[in-house]
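Below is target_25.pdb, which holds PDB, C-alpha atoms.
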ATOM      1  CA  MET O1323     103.252 147.955  66.125
ATOM      2  CA  ARG O1324     103.786 146.767  62.566
ATOM      3  CA  GLU O1325     106.131 143.843  62.092
ATOM      4  CA  LYS O1326     109.583 144.818  60.849
ATOM      5  CA  ARG O1327     110.475 143.898  57.289
ATOM      6  CA  THR O1328     113.690 143.529  55.335
ATOM      7  CA  PRO O1329     114.178 146.401  52.856
ATOM      8  CA  ARG O1330     114.731 145.430  49.235
ATOM      9  CA  THR O1331     116.426 148.684  48.198
ATOM     10  CA  SER O1332     118.693 151.391  49.581
ATOM     11  CA  SER O1333     115.759 153.804  49.851
ATOM     12  CA  ARG O1334     115.706 155.733  53.116
ATOM     13  CA  LEU O1335     111.913 155.805  52.917
ATOM     14  CA  GLU O1336     111.735 152.022  52.647
ATOM     15  CA  LYS O1337     114.153 151.593  55.555
ATOM     16  CA  ILE O1338     112.144 153.995  57.755
ATOM     17  CA  LEU O1339     108.923 152.105  57.013
ATOM     18  CA  ALA O1340     110.502 148.656  57.294
ATOM     19  CA  GLU O1341     111.778 149.560  60.782
ATOM     20  CA  GLY O1342     108.232 150.410  61.862
ATOM     21  CA  HIS O1343     108.682 154.181  62.121
ATOM     22  CA  LEU O1344     105.985 156.629  61.048
ATOM     23  CA  ALA O1345     107.403 158.122  57.850
ATOM     24  CA  VAL O1346     107.214 161.814  56.942
ATOM     25  CA  THR O1347     107.366 162.912  53.321
ATOM     26  CA  SER O1348     106.760 166.266  51.707
ATOM     27  CA  GLU O1349     106.740 167.834  48.275
ATOM     28  CA  CYS O1350     108.844 170.232  46.251
ATOM     29  CA  GLY O1351     107.495 171.736  43.056
ATOM     30  CA  PRO O1352     110.177 172.660  40.488
ATOM     31  CA  PRO O1353     110.156 176.263  39.244
ATOM     32  CA  ARG O1354     108.792 177.577  35.946
ATOM     33  CA  GLY O1355     112.317 178.415  34.910
ATOM     34  CA  SER O1356     115.849 177.099  35.077
ATOM     35  CA  ASP O1357     116.998 178.691  38.358
ATOM     36  CA  GLY O1358     118.144 175.785  40.502
ATOM     37  CA  ALA O1359     118.564 178.069  43.501
ATOM     38  CA  VAL O1360     114.775 178.000  43.915
ATOM     39  CA  LEU O1361     114.939 174.256  44.551
ATOM     40  CA  GLU O1362     117.915 174.569  46.870
ATOM     41  CA  LYS O1363     116.057 177.168  48.956
ATOM     42  CA  LYS O1364     112.977 174.936  49.251
ATOM     43  CA  GLY O1365     115.130 171.918  50.038
ATOM     44  CA  ALA O1366     116.969 173.787  52.800
ATOM     45  CA  MET O1367     113.633 174.498  54.522
ATOM     46  CA  LEU O1368     112.721 170.800  54.542
ATOM     47  CA  LYS O1369     116.078 169.179  55.238
ATOM     48  CA  GLY O1370     116.168 167.268  58.501
ATOM     49  CA  TYR O1371     112.404 167.455  59.046
ATOM     50  CA  ILE O1372     111.319 164.892  56.462
ATOM     51  CA  ASP O1373     112.572 161.509  55.328
ATOM     52  CA  VAL O1374     112.229 162.078  51.577
ATOM     53  CA  VAL O1375     110.859 164.795  49.316
ATOM     54  CA  ASN O1376     108.580 164.237  46.319
ATOM     55  CA  VAL O1377     109.596 166.109  43.186
ATOM     56  CA  THR O1378     106.525 166.830  41.087
ATOM     57  CA  ASP O1379     106.424 166.210  37.332
ATOM     58  CA  ASN O1380     104.918 169.240  35.546
ATOM     59  CA  GLN O1381     102.046 169.312  38.036
ATOM     60  CA  THR O1382      98.685 170.620  36.788
ATOM     61  CA  SER O1383     100.200 170.265  33.294
ATOM     62  CA  MET O1384     102.172 173.489  33.696
ATOM     63  CA  THR O1385     105.602 173.439  32.052
ATOM     64  CA  ARG O1386     108.321 173.387  34.703
ATOM     65  CA  LEU O1387     111.918 172.353  35.252
ATOM     66  CA  CYS O1388     111.881 168.589  34.724
ATOM     67  CA  SER O1389     111.456 166.361  37.753
ATOM     68  CA  LEU O1390     114.565 164.322  36.940
ATOM     69  CA  ALA O1391     116.900 167.330  36.919
ATOM     70  CA  ALA O1392     115.183 168.723  40.019
ATOM     71  CA  SER O1393     115.593 165.383  41.816
ATOM     72  CA  ILE O1394     119.304 165.346  41.001
ATOM     73  CA  ARG O1395     119.725 168.902  42.339
ATOM     74  CA  LEU O1396     117.949 168.048  45.586
ATOM     75  CA  LYS O1397     119.992 164.870  46.012
ATOM     76  CA  GLN O1398     123.173 166.878  45.546
ATOM     77  CA  ALA O1399     121.868 169.248  48.245
ATOM     78  CA  GLY O1400     121.627 166.353  50.710
ATOM     79  CA  LEU O1401     117.959 165.355  50.447
ATOM     80  CA  GLU O1402     116.570 162.045  49.249
ATOM     81  CA  PRO O1403     114.108 162.612  46.393
ATOM     82  CA  VAL O1404     111.058 160.699  45.268
ATOM     83  CA  LEU O1405     111.005 161.055  41.490
ATOM     84  CA  GLN O1406     107.434 161.564  40.327
ATOM     85  CA  MET O1407     106.850 160.280  36.820
ATOM     86  CA  VAL O1408     103.667 160.696  34.774
ATOM     87  CA  THR O1409     102.638 158.752  31.699
ATOM     88  CA  ARG O1410     101.007 161.822  30.123
ATOM     89  CA  ASP O1411     104.149 163.162  28.454
ATOM     90  CA  ARG O1412     106.361 160.169  27.584
ATOM     91  CA  ASN O1413     106.143 156.918  25.677
ATOM     92  CA  ARG O1414     107.595 153.703  27.067
ATOM     93  CA  ILE O1415     111.013 154.366  25.525
ATOM     94  CA  ALA O1416     111.344 157.768  27.208
ATOM     95  CA  LEU O1417     109.963 156.469  30.506
ATOM     96  CA  GLN O1418     112.531 153.674  30.662
ATOM     97  CA  SER O1419     115.288 156.059  29.615
ATOM     98  CA  ASP O1420     114.441 158.547  32.390
ATOM     99  CA  ILE O1421     114.266 155.737  34.945
ATOM    100  CA  LEU O1422     117.789 154.706  33.943
ATOM    101  CA  GLY O1423     118.877 158.344  34.160
ATOM    102  CA  ALA O1424     117.565 158.555  37.705
ATOM    103  CA  ALA O1425     119.171 155.239  38.620
ATOM    104  CA  SER O1426     122.523 156.460  37.336
ATOM    105  CA  PHE O1427     122.397 159.092  40.106
ATOM    106  CA  ASP O1428     121.221 156.486  42.664
ATOM    107  CA  ILE O1429     117.755 157.972  43.014
ATOM    108  CA  ASN O1430     116.016 155.205  44.928
ATOM    109  CA  ASN O1431     112.338 156.227  44.993
ATOM    110  CA  ILE O1432     109.756 156.637  42.252
ATOM    111  CA  LEU O1433     106.052 157.549  42.309
ATOM    112  CA  CYS O1434     104.153 156.310  39.261
ATOM    113  CA  LEU O1435     101.297 158.565  38.125
ATOM    114  CA  THR O1436      99.006 159.266  35.198
ATOM    115  CA  GLY O1437      99.314 163.070  35.353
ATOM    116  CA  ASP O1438      96.792 165.892  35.139
ATOM    117  CA  HIS O1439      95.057 166.401  31.795
ATOM    118  CA  GLN O1440      96.789 168.993  29.599
ATOM    119  CA  SER O1441      93.633 171.119  29.531
ATOM    120  CA  PHE O1442      94.517 172.264  33.061
ATOM    121  CA  GLY O1443      97.864 173.703  31.993
ATOM    122  CA  ASP O1444      99.607 176.198  29.766
ATOM    123  CA  CYS O1445      99.718 174.003  26.633
ATOM    124  CA  LYS O1446      96.055 173.163  26.159
ATOM    125  CA  THR O1447      96.576 172.005  22.572
ATOM    126  CA  GLY O1448      99.374 169.636  23.600
ATOM    127  CA  GLN O1449      98.827 165.937  22.985
ATOM    128  CA  ASN O1450      98.604 163.395  25.788
ATOM    129  CA  VAL O1451     100.879 160.410  25.186
ATOM    130  CA  HIS O1452      99.668 157.689  27.581
ATOM    131  CA  ASP O1453     101.480 154.987  25.634
ATOM    132  CA  ILE O1454     101.086 153.027  28.878
ATOM    133  CA  ASP O1455      99.005 153.827  31.948
ATOM    134  CA  SER O1456     100.094 154.190  35.562
ATOM    135  CA  MET O1457      99.363 150.515  36.333
ATOM    136  CA  GLN O1458     101.585 149.426  33.464
ATOM    137  CA  LEU O1459     104.259 151.881  34.587
ATOM    138  CA  LEU O1460     104.283 150.212  38.006
ATOM    139  CA  GLN O1461     104.643 146.815  36.339
ATOM    140  CA  MET O1462     107.421 148.123  34.105
ATOM    141  CA  VAL O1463     109.497 149.532  36.966
ATOM    142  CA  ARG O1464     109.101 146.297  38.938
ATOM    143  CA  GLN O1465     110.263 144.298  35.907
ATOM    144  CA  MET O1466     113.232 146.600  35.369
ATOM    145  CA  ARG O1467     114.236 146.303  39.021
ATOM    146  CA  ASP O1468     113.385 142.722  39.933
ATOM    147  CA  GLU O1469     114.083 140.961  36.643
ATOM    148  CA  GLY O1470     116.669 143.341  35.185
ATOM    149  CA  LEU O1471     114.728 143.493  31.926
ATOM    150  CA  PHE O1472     113.455 146.249  29.676
ATOM    151  CA  ILE O1473     109.786 146.113  28.730
ATOM    152  CA  GLY O1474     110.871 144.607  25.402
ATOM    153  CA  GLY O1475     112.679 141.745  27.149
ATOM    154  CA  ASP O1476     116.333 142.784  26.750
ATOM    155  CA  ALA O1477     118.666 142.703  29.758
ATOM    156  CA  ILE O1478     119.562 145.894  31.618
ATOM    157  CA  SER O1479     123.136 146.661  32.601
ATOM    158  CA  ARG O1480     122.905 147.786  36.263
ATOM    159  CA  PRO O1481     119.115 147.708  36.810
ATOM    160  CA  PRO O1482     117.447 150.512  38.776
ATOM    161  CA  GLU O1483     117.172 150.012  42.550
ATOM    162  CA  MET O1484     113.948 151.837  43.343
ATOM    163  CA  PHE O1485     111.272 151.735  46.037
ATOM    164  CA  ILE O1486     108.095 151.950  43.977
ATOM    165  CA  GLY O1487     105.054 154.005  44.887
ATOM    166  CA  ALA O1488     101.663 155.068  43.590
ATOM    167  CA  ALA O1489      98.945 157.533  44.532
ATOM    168  CA  ALA O1490      95.456 156.794  45.826
ATOM    169  CA  ASN O1491      92.413 159.027  46.071
ATOM    170  CA  PRO O1492      89.871 157.696  48.588
ATOM    171  CA  PHE O1493      87.483 160.548  47.718
ATOM    172  CA  ALA O1494      87.025 160.211  43.954
ATOM    173  CA  ASP O1495      83.778 158.912  42.518
ATOM    174  CA  PRO O1496      82.563 156.257  42.483
ATOM    175  CA  PHE O1497      83.674 155.504  46.042
ATOM    176  CA  GLU O1498      82.904 151.794  45.615
ATOM    177  CA  ILE O1499      85.872 151.230  43.278
ATOM    178  CA  ARG O1500      88.462 153.047  45.387
ATOM    179  CA  VAL O1501      89.605 149.999  47.355
ATOM    180  CA  PRO O1502      89.580 147.639  44.326
ATOM    181  CA  ARG O1503      91.634 150.211  42.413
ATOM    182  CA  LEU O1504      94.175 150.291  45.245
ATOM    183  CA  ALA O1505      94.324 146.490  45.129
ATOM    184  CA  LYS O1506      95.126 146.645  41.401
ATOM    185  CA  LYS O1507      97.971 149.094  42.012
ATOM    186  CA  ILE O1508      99.420 146.861  44.704
ATOM    187  CA  ALA O1509      99.139 143.852  42.401
ATOM    188  CA  ALA O1510     100.912 145.874  39.704
ATOM    189  CA  GLY O1511     103.837 146.540  42.034
ATOM    190  CA  ALA O1512     103.131 149.518  44.326
ATOM    191  CA  GLU O1513     105.121 149.134  47.541
ATOM    192  CA  PHE O1514     104.035 152.423  49.080
ATOM    193  CA  ILE O1515     100.985 154.634  48.602
ATOM    194  CA  GLN O1516     100.589 158.380  49.077
ATOM    195  CA  THR O1517      96.975 159.502  49.323
ATOM    196  CA  GLN O1518      95.181 162.621  48.169
ATOM    197  CA  CYS O1519      94.978 165.295  50.895
ATOM    198  CA  ILE O1520      92.514 164.302  53.589
ATOM    199  CA  TYR O1521      89.845 166.600  55.009
ATOM    200  CA  ASN O1522      86.821 164.283  55.208
ATOM    201  CA  MET O1523      88.011 161.977  57.976
ATOM    202  CA  GLU O1524      84.839 159.884  58.073
ATOM    203  CA  LYS O1525      85.161 158.990  54.395
ATOM    204  CA  PHE O1526      88.874 158.247  54.772
ATOM    205  CA  GLU O1527      88.186 155.997  57.743
ATOM    206  CA  ALA O1528      85.547 154.151  55.705
ATOM    207  CA  TRP O1529      88.103 153.679  52.902
ATOM    208  CA  MET O1530      90.698 152.405  55.367
ATOM    209  CA  GLN O1531      88.182 149.937  56.777
ATOM    210  CA  GLY O1532      87.763 148.563  53.273
ATOM    211  CA  VAL O1533      91.545 148.457  52.887
ATOM    212  CA  ARG O1534      91.883 146.451  56.114
ATOM    213  CA  ASP O1535      89.004 144.149  55.209
ATOM    214  CA  ARG O1536      91.023 143.015  52.186
ATOM    215  CA  GLY O1537      94.326 142.927  54.081
ATOM    216  CA  LEU O1538      95.842 145.511  51.741
ATOM    217  CA  HIS O1539      97.424 147.437  54.644
ATOM    218  CA  GLU O1540      99.687 144.400  55.106
ATOM    219  CA  GLU O1541     100.769 144.438  51.465
ATOM    220  CA  THR O1542     101.807 148.076  51.098
ATOM    221  CA  TYR O1543     102.699 151.126  53.195
ATOM    222  CA  ILE O1544     100.020 153.827  53.230
ATOM    223  CA  LEU O1545     101.096 157.442  53.780
ATOM    224  CA  ALA O1546      98.173 159.752  54.524
ATOM    225  CA  GLY O1547      98.200 163.063  52.655
ATOM    226  CA  VAL O1548      97.578 166.334  54.509
ATOM    227  CA  THR O1549      97.534 169.914  53.217
ATOM    228  CA  PRO O1550      97.135 172.923  55.535
ATOM    229  CA  PHE O1551      94.778 175.710  54.504
ATOM    230  CA  LYS O1552      96.383 179.145  54.227
ATOM    231  CA  THR O1553      93.111 181.043  54.018
ATOM    232  CA  ALA O1554      89.350 180.572  53.986
ATOM    233  CA  GLY O1555      89.499 181.331  50.263
ATOM    234  CA  MET O1556      91.806 178.354  49.743
ATOM    235  CA  ALA O1557      89.371 176.099  51.627
ATOM    236  CA  LYS O1558      86.456 177.313  49.476
ATOM    237  CA  TYR O1559      88.457 176.904  46.270
ATOM    238  CA  MET O1560      89.514 173.364  47.128
ATOM    239  CA  ARG O1561      85.944 172.418  48.050
ATOM    240  CA  SER O1562      84.388 173.678  44.824
ATOM    241  CA  ARG O1563      87.089 173.816  42.160
ATOM    242  CA  VAL O1564      89.577 170.980  42.722
ATOM    243  CA  PRO O1565      88.368 167.591  41.431
ATOM    244  CA  GLY O1566      88.812 164.636  43.748
ATOM    245  CA  ILE O1567      89.153 166.636  46.967
ATOM    246  CA  ASP O1568      86.419 166.421  49.603
ATOM    247  CA  VAL O1569      86.362 169.421  51.962
ATOM    248  CA  PRO O1570      83.452 169.259  54.437
ATOM    249  CA  ASP O1571      81.359 172.396  54.825
ATOM    250  CA  GLU O1572      82.150 172.572  58.537
ATOM    251  CA  LEU O1573      85.851 173.049  57.813
ATOM    252  CA  VAL O1574      85.097 175.827  55.322
ATOM    253  CA  LYS O1575      82.875 177.486  57.924
ATOM    254  CA  ARG O1576      85.530 177.099  60.599
ATOM    255  CA  MET O1577      88.086 178.826  58.391
ATOM    256  CA  SER O1578      85.586 181.516  57.322
ATOM    257  CA  ASP O1579      84.607 182.248  60.931
ATOM    258  CA  THR O1580      88.259 182.814  61.851
ATOM    259  CA  PRO O1581      89.567 186.409  61.585
ATOM    260  CA  LYS O1582      91.603 186.848  58.416
ATOM    261  CA  GLU O1583      94.874 187.481  60.241
ATOM    262  CA  LYS O1584      94.488 184.191  62.151
ATOM    263  CA  GLN O1585      93.365 181.951  59.292
ATOM    264  CA  ALA O1586      96.836 180.618  58.487
ATOM    265  CA  GLU O1587      97.306 179.483  62.088
ATOM    266  CA  GLU O1588      93.828 177.931  62.107
ATOM    267  CA  GLY O1589      94.680 176.035  58.934
ATOM    268  CA  ILE O1590      97.773 174.588  60.588
ATOM    269  CA  THR O1591      95.746 173.692  63.678
ATOM    270  CA  ILE O1592      93.252 171.766  61.524
ATOM    271  CA  CYS O1593      96.166 169.986  59.828
ATOM    272  CA  LEU O1594      97.636 168.988  63.205
ATOM    273  CA  GLU O1595      94.265 167.737  64.433
ATOM    274  CA  THR O1596      93.987 165.631  61.285
ATOM    275  CA  ILE O1597      97.435 164.108  61.829
ATOM    276  CA  GLU O1598      96.595 163.200  65.429
ATOM    277  CA  ARG O1599      93.434 161.450  64.321
ATOM    278  CA  LEU O1600      95.247 159.675  61.504
ATOM    279  CA  LYS O1601      97.846 158.328  63.952
ATOM    280  CA  GLU O1602      95.123 156.202  65.529
ATOM    281  CA  ILE O1603      94.014 154.528  62.290
ATOM    282  CA  GLU O1604      95.334 151.034  61.772
ATOM    283  CA  GLY O1605      97.237 150.796  58.509
ATOM    284  CA  VAL O1606      98.432 154.409  58.342
ATOM    285  CA  CYS O1607     102.230 154.223  58.212
ATOM    286  CA  GLY O1608     103.115 157.889  57.885
ATOM    287  CA  PHE O1609     102.198 161.278  56.478
ATOM    288  CA  HIS O1610     102.684 163.065  53.186
ATOM    289  CA  ILE O1611     102.645 166.790  54.023
ATOM    290  CA  MET O1612     101.789 168.838  50.940
ATOM    291  CA  ALA O1613     102.205 172.459  51.997
ATOM    292  CA  ILE O1614     101.572 174.005  48.595
ATOM    293  CA  GLU O1615     104.137 176.807  48.061
ATOM    294  CA  TRP O1616     104.296 176.979  51.869
ATOM    295  CA  GLU O1617     107.310 174.775  52.492
ATOM    296  CA  GLU O1618     108.501 176.984  55.336
ATOM    297  CA  LYS O1619     105.626 175.691  57.486
ATOM    298  CA  VAL O1620     106.536 172.007  57.140
ATOM    299  CA  PRO O1621     109.139 172.047  59.958
ATOM    300  CA  GLU O1622     106.597 173.626  62.319
ATOM    301  CA  ILE O1623     103.954 171.041  61.421
ATOM    302  CA  VAL O1624     106.391 168.153  61.866
ATOM    303  CA  GLN O1625     107.582 169.450  65.232
ATOM    304  CA  ARG O1626     104.139 170.256  66.622
ATOM    305  CA  ALA O1627     102.819 166.883  65.434
ATOM    306  CA  GLY O1628     105.437 165.096  67.541
ATOM    307  CA  LEU O1629     107.192 163.703  64.465
ATOM    308  CA  TYR O1630     110.568 165.351  65.138
ATOM    309  CA  PRO O1631     113.392 164.470  65.342
ATOM    310  CA  ARG O1632     113.324 162.086  62.429
ATOM    311  CA  PRO O1633     114.799 158.603  62.974
ATOM    312  CA  ASP O1634     118.557 158.205  62.729
ATOM    313  CA  LEU O1635     119.010 155.019  60.766
ATOM    314  CA  GLU O1636     122.631 154.833  61.876
ATOM    315  CA  ALA O1637     121.614 154.673  65.550
ATOM    316  CA  PRO O1638     120.771 151.064  66.509
ATOM    317  CA  GLY O1639     117.957 150.372  68.920
ATOM    318  CA  GLN O1640     116.048 153.619  68.371
ATOM    319  CA  GLU O1641     112.436 153.235  69.451
ATOM    320  CA  PRO O1642     110.063 153.645  66.482
ATOM    321  CA  ALA O1643     107.195 156.122  66.591
ATOM    322  CA  LYS O1644     103.989 154.193  67.250
ATOM    323  CA  VAL O1645     102.130 152.829  64.236
ATOM    324  CA  ALA O1646      98.470 152.207  64.992
ATOM    325  CA  THR O1647      97.442 148.562  64.993
ATOM    326  CA  SER O1648      93.876 148.835  66.220
TER     327      SER O1648
END
In structure tokens, how does this file's structure come out?
Amino acid sequence: MREKRTPRTSSRLEKILAEGHLAVTSECGPPRGSDGAVLEKKGAMLKGYIDVVNVTDNQTSMTRLCSLAASIRLKQAGLEPVLQMVTRDRNRIALQSDILGAASFDINNILCLTGDHQSFGDCKTGQNVHDIDSMQLLQMVRQMRDEGLFIGGDAISRPPEMFIGAAANPFADPFEIRVPRLAKKIAAGAEFIQTQCIYNMEKFEAWMQGVRDRGLHEETYILAGVTPFKTAGMAKYMRSRVPGIDVPDELVKRMSDTPKEKQAEEGITICLETIERLKEIEGVCGFHIMAIEWEEKVPEIVQRAGLYPRPDLEAPGQEPAKVATS
């Protein structure tokens, strides 16, 4: 079992991890419109089954309700958000301003990302900003929090109190730089990591071995990403059309060999099998369940995976779920 740590922020996610519990996070994509009821409906499905919910920032470069406003709505609905922030659309002034905006509503988690290229989205002629990159964004948030300083050196009145995260993709090419890249993100300030969705377990285990060889699993919390297949078509699409995702042929065949009316259940079964295997990997501290536009299945996955009920941080002496140490 991982040694307990003292949290540095008021983040529920940090407290869960610091206590040695297996964390459970999920994702909520804002709508392509201004109807906040869409977010409230998604949030209601997830509430009580996850520790925090990621709020995506114009994912796949499609224009959506902004992640900051969506995070505020979900917080007001009783969930703890993880504000995703990409460097694609904002310069350093706007990034710092939005961080302060989130902090003014006591949003205590942030995930620092580059963002998908605009060519994937609905504004293909839009200009990428990338005034700073995701590594520099991590450094900037740490400076704002720990030193109470803007990137220009001026003091901040009431600095943000945020648990700072980054993403990692163990499956992108070249594989040899995946662990060194993680090390750079940790050095830049990443306190937790959420990985790309995992289908190729052998490759993920090889990546985690490299992580352990450098002791990086002791320097950050790694949350393993999982995404259930809805259909065989989804499995085929993710294998051939989604960059950075590694779907083995045997999983595509398994989904394709399943009768159409049973494919959704088979996809959930594969997801549950993946979680069980991930539980045994030293250094995995929890799970990031990305049920894409399928939020209603997250409670079932959490329950069937033995991850429910979630820890009550107000109840002293609660036994943590086991974190693999060997």
Counting only C-alpha atoms, what is within 6 Å of range 1344-1351 of chain O, bar same-chain residues fewer than 4 positions away, as a list in words?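 Listed by chain and then number, they are Ile1372, Asp1373, Val1374, Val1375, Asn1376, Val1377, Thr1378, Cys1607, Gly1608, Phe1609, His1610, Ile1611, Met1612 and Ala1643 of chain O.
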For Leu1594 in chain O, list every protein, DNA or RNA residue within 10 Å, evaluated using all atoms listed in the file, and leave out those in the same chain fewer than 6 positions away; present the list as a ChimeraX atom specification. /O:1548,1550,1588,1600,1623-1624,1626-1628
Mind telling me what the PyMOL selection byres ((chain O and resi 1591) around 12) catches here, as a list in words?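 Going through the file, the PyMOL selection byres ((chain O and resi 1591) around 12) ends up selecting Val1548, Thr1549, Pro1550, Phe1551, Lys1552, Leu1573, Arg1576, Met1577, Thr1580, Lys1584, Gln1585, Ala1586, Glu1587, Glu1588, Gly1589, Ile1590, Ile1592, Cys1593, Leu1594, Glu1595, Thr1596, Ile1597, Glu1598, Lys1619, Glu1622, Ile1623, Arg1626 and Ala1627 of chain O.
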Chain and number of each residue from the PyMOL selection byres ((chain O and resi 1413-1416) around 8), as a PyMOL selection string: chain O and resi 1409+1411-1412+1417-1420+1451-1454
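The set of residues that the PyMOL selection byres ((chain O and resi 1525) around 12) takes from this file is Asn1491, Pro1492, Phe1493, Ala1494, Asp1495, Phe1497, Glu1498, Arg1500, Ile1520, Tyr1521, Asn1522, Met1523, Glu1524, Phe1526, Glu1527, Ala1528, Trp1529, Met1530, Gln1531, Gly1532, Ile1567, Asp1568, Val1569 and Pro1570 of chain O.
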Tell me, as a list of chain:residue names, which residues lie within 12 Å of His1439 in chain O, counting all atoms listed in the file; anything in the same chain fewer than 3 positions away does not count. O:Asn1380, O:Gln1381, O:Thr1382, O:Ser1383, O:Met1384, O:Val1408, O:Thr1409, O:Arg1410, O:Asp1411, O:Leu1435, O:Thr1436, O:Phe1442, O:Gly1443, O:Asp1444, O:Cys1445, O:Lys1446, O:Thr1447, O:Gly1448, O:Gln1449, O:Asn1450, O:Val1451, O:His1452, O:Pro1565
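Closest approach to Pro1482 in chain O from the set O:Gln1516, O:Gln1458, O:Gln1465, O:Gln1440 is made by O:Gln1465, with distances taken over all atoms listed in the file.
The space between CA of Asp1571 in chain O and CA of Ile1544 in chain O spans 26.4 Å.
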Just want the 8 Å neighbourhood of Ala1399 in chain O, counted on only C-alpha atoms, with same-chain residues fewer than 2 positions away dropped. Output as a PDB file with C-alpha atoms, in the frame of the given file.
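Once everything was written out, this is around.pdb:
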ATOM      1  CA  GLU O1362     117.915 174.569  46.870  1.00  0.00           C
ATOM      2  CA  GLY O1365     115.130 171.918  50.038  1.00  0.00           C
ATOM      3  CA  ARG O1395     119.725 168.902  42.339  1.00  0.00           C
ATOM      4  CA  LEU O1396     117.949 168.048  45.586  1.00  0.00           C
ATOM      5  CA  LYS O1397     119.992 164.870  46.012  1.00  0.00           C
ATOM      6  CA  LEU O1401     117.959 165.355  50.447  1.00  0.00           C
TER       7      LEU O1401
END
Just how far from CA of Lys1363 in chain O is CA of Ser1393 in chain O, in Å to one decimal?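 Separation between CA of Ser1393 in chain O and CA of Lys1363 in chain O: 13.8 Å.
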d(CA of Ala1425 in chain O, CA of Arg1334 in chain O) in Å: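 Those two atoms sit 14.9 Å apart.
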From the list O:Met1457, O:Met1484, O:Ala1509, O:Ala1613, which residue is nearest Glu1336 in chain O when using all atoms listed in the file? O:Met1484
Mind checking which residues fall within 7 Å of Tyr1543 in chain O, counting all atoms listed in the file, ignoring those fewer than 6 positions away in the same chain, and posting them as a PDB file with C-alpha atoms, in the coordinates of the input?
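So the final result, stored in result_1.pdb, reads:
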ATOM      1  CA  GLU O1513     105.121 149.134  47.541  1.00  0.00           C
ATOM      2  CA  PHE O1514     104.035 152.423  49.080  1.00  0.00           C
ATOM      3  CA  ILE O1515     100.985 154.634  48.602  1.00  0.00           C
ATOM      4  CA  CYS O1607     102.230 154.223  58.212  1.00  0.00           C
TER       5      CYS O1607
END
Which of these, O:Arg1503, O:Gly1566, O:Ile1603, O:Phe1427, has the shortest distance to Arg1534 in chain O once you count all atoms listed in the file?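 The closest residue to Arg1534 in chain O is O:Ile1603.
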Would you compute the box with edges along x, y and z of the file around range 1451-1469 of chain O, including every atom the file lists for it and 5 Å extra on each side, and give its centre and edge lengths in Å to one decimal, as lines of an AutoDock Vina configuration file?
center_x = 106.6
center_y = 150.7
center_z = 32.6
size_x = 25.2
size_y = 29.4
size_z = 24.7
Residue list as a short mmCIF file (atom, residue, chain, number, x, y, z; two decimals) with C-alpha atoms, keeping the file's coordinate frame for point (113.7, 175.6, 57.5), cut-off 7 Å, all atoms listed in the file:
data_model
loop_
_atom_site.label_atom_id
_atom_site.label_comp_id
_atom_site.auth_asym_id
_atom_site.auth_seq_id
_atom_site.Cartn_x
_atom_site.Cartn_y
_atom_site.Cartn_z
CA ALA O 1366 116.97 173.79 52.80
CA MET O 1367 113.63 174.50 54.52
CA LEU O 1368 112.72 170.80 54.54
CA GLU O 1618 108.50 176.98 55.34
CA PRO O 1621 109.14 172.05 59.96
#
Taking all atoms listed in the file into account, name the residue in O:Val1404, O:Val1574, O:Leu1471, O:Leu1635 that is nearest to Ala1340 in chain O.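 Once distances to Ala1340 in chain O are computed over all atoms listed in the file, the minimum belongs to O:Leu1635.
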